[in-house]
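**Q** Dropping the structure in here first, questions after.
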Amino acid sequence: MLFGANACTGNVEHARANQVKPGGEINFYLLVSPELKDFPQPDAYEVLIHKNGETTAVEVNGDKAKVPTAEGRYFMTVKAIWSGDVKGEAIYAFLLSVKEK
């Protein structure tokens, strides 16, 4: 599953979330406009899951990460890191709704 940014305003409990299956895998990919087609993909990602005031680091394998196995709503932050010819970082935030159907 590929994720893009969601606009979130107001109460997070009622905000639209990206739906994923428990224990599923998500892939990260930077979408760029055609005129920036040569812009490199990040060299690494750091992923955190936030729920009920707790923050948990998620193991990342290349551009893939596993989602929680327990159903529920989670807040995820993804730090994209460029360390090659392009250097820098960007942080993206998503809501996840983990449920079987």
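Letters A, B, ... mark the chains of the structure tokens in the order given; residue numbers begin at 1 per chain; ligand numbers begin at 1, in order shown.
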Compile the contact shell of stretch 79-96 of chain A as a list in words: residues with an atom at most 7 Å away, counting only C-alpha atoms, same-chain residues fewer than 5 positions apart removed.
**A**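 Those residues are Ala5, Asn6, Ala17, Asn18, Gln19, Val20, Pro42, Asp43, Ala44, Tyr45, Glu46, Val47, Arg73 and Tyr74 of chain A.
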**Q** Would you mind telling me which residue in A:Asn52, A:Lys64, A:Phe39, A:Glu71 lies nearest to A:Lys101 when using only C-alpha atoms?
**A** A:Glu71
**Q** Considering only C-alpha atoms, can you say which of A:Met76, A:Val58, A:Ala65, A:Leu31 comes closest to A:Ser97?
**A**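 Of all the options, A:Met76 lies closest to A:Ser97.
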**Q** Pick from A:Val98, A:Ile26, A:Arg16, A:Pro68: nearest to A:Ile49, with only C-alpha atoms counted?
**A**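 The answer is A:Pro68, which sits nearest to A:Ile49.
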**Q** Taking only C-alpha atoms into account, name the residue in A:Asp38, A:Tyr29, A:Thr69, A:Phe75 that is nearest to A:Glu54.
**A**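 Checking each candidate against A:Glu54, we get A:Phe75 as the closest.
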**Q** Between A:Pro22, A:Gly53, A:Gln41, A:Phe28, single out the one closest to A:Val78, counting only C-alpha atoms.
**A**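 Among the listed residues, the smallest separation from A:Val78 belongs to A:Phe28.
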**Q** Interatomic distance between atom CA of A:His50 and atom CA of A:Leu30?
**A**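 Spanning atom CA of A:His50 to atom CA of A:Leu30 is a straight-line distance of 22.2 Å.
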**Q** Taking the backbone alone, and naming residues the way the document does, which bits of stretch 8-88 of chain A are strand (DSSP E or B) by DSSP, as JSON, numbers by chain?
**A** {"A": [18, 19, 20, 25, 26, 27, 44, 45, 46, 47, 48, 49, 50, 51, 54, 55, 56, 57, 58, 60, 61, 64, 65, 66, 72, 73, 74, 75, 76, 77, 78, 79, 80, 81, 82, 83, 87, 88]}
**Q** For those residues, write C-alpha atoms to a file as an mmCIF file, in the first residue's frame.
**A**
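Okay, this is what ended up in out.cif:
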data_model
loop_
_atom_site.group_PDB
_atom_site.id
_atom_site.type_symbol
_atom_site.label_atom_id
_atom_site.label_comp_id
_atom_site.auth_asym_id
_atom_site.auth_seq_id
_atom_site.Cartn_x
_atom_site.Cartn_y
_atom_site.Cartn_z
ATOM 1 C CA ASN A 18 -5.584 5.442 5.740
ATOM 2 C CA GLN A 19 -7.028 1.961 6.247
ATOM 3 C CA VAL A 20 -4.669 -1.011 6.564
ATOM 4 C CA GLU A 25 2.992 -3.768 5.217
ATOM 5 C CA ILE A 26 3.147 -0.241 3.892
ATOM 6 C CA ASN A 27 5.537 1.178 1.300
ATOM 7 C CA ALA A 44 16.366 6.099 4.523
ATOM 8 C CA TYR A 45 13.177 6.389 6.556
ATOM 9 C CA GLU A 46 12.509 6.560 10.294
ATOM 10 C CA VAL A 47 8.968 5.599 11.319
ATOM 11 C CA LEU A 48 7.188 6.140 14.628
ATOM 12 C CA ILE A 49 3.711 5.001 15.718
ATOM 13 C CA HIS A 50 1.892 7.098 18.342
ATOM 14 C CA LYS A 51 -1.110 5.854 20.350
ATOM 15 C CA GLU A 54 3.062 6.222 23.799
ATOM 16 C CA THR A 55 5.543 6.337 20.924
ATOM 17 C CA THR A 56 6.999 3.189 19.361
ATOM 18 C CA ALA A 57 9.726 2.982 16.728
ATOM 19 C CA VAL A 58 8.835 0.805 13.753
ATOM 20 C CA VAL A 60 11.897 -0.188 8.432
ATOM 21 C CA ASN A 61 13.233 -2.444 5.697
ATOM 22 C CA LYS A 64 8.685 -0.829 3.773
ATOM 23 C CA ALA A 65 7.331 -0.960 7.323
ATOM 24 C CA LYS A 66 4.913 -3.245 9.163
ATOM 25 C CA GLY A 72 -7.346 0.659 16.251
ATOM 26 C CA ARG A 73 -6.482 4.175 15.128
ATOM 27 C CA TYR A 74 -2.838 5.195 15.137
ATOM 28 C CA PHE A 75 -0.910 8.344 14.329
ATOM 29 C CA MET A 76 2.223 7.645 12.268
ATOM 30 C CA THR A 77 5.152 9.946 11.562
ATOM 31 C CA VAL A 78 7.638 9.184 8.803
ATOM 32 C CA LYS A 79 10.972 10.976 8.523
ATOM 33 C CA ALA A 80 12.426 10.786 4.998
ATOM 34 C CA ILE A 81 16.199 11.254 4.984
ATOM 35 C CA TRP A 82 18.379 12.227 2.030
ATOM 36 C CA SER A 83 22.113 11.772 2.617
ATOM 37 C CA LYS A 87 20.918 16.282 1.816
ATOM 38 C CA GLY A 88 17.966 16.956 4.034
#
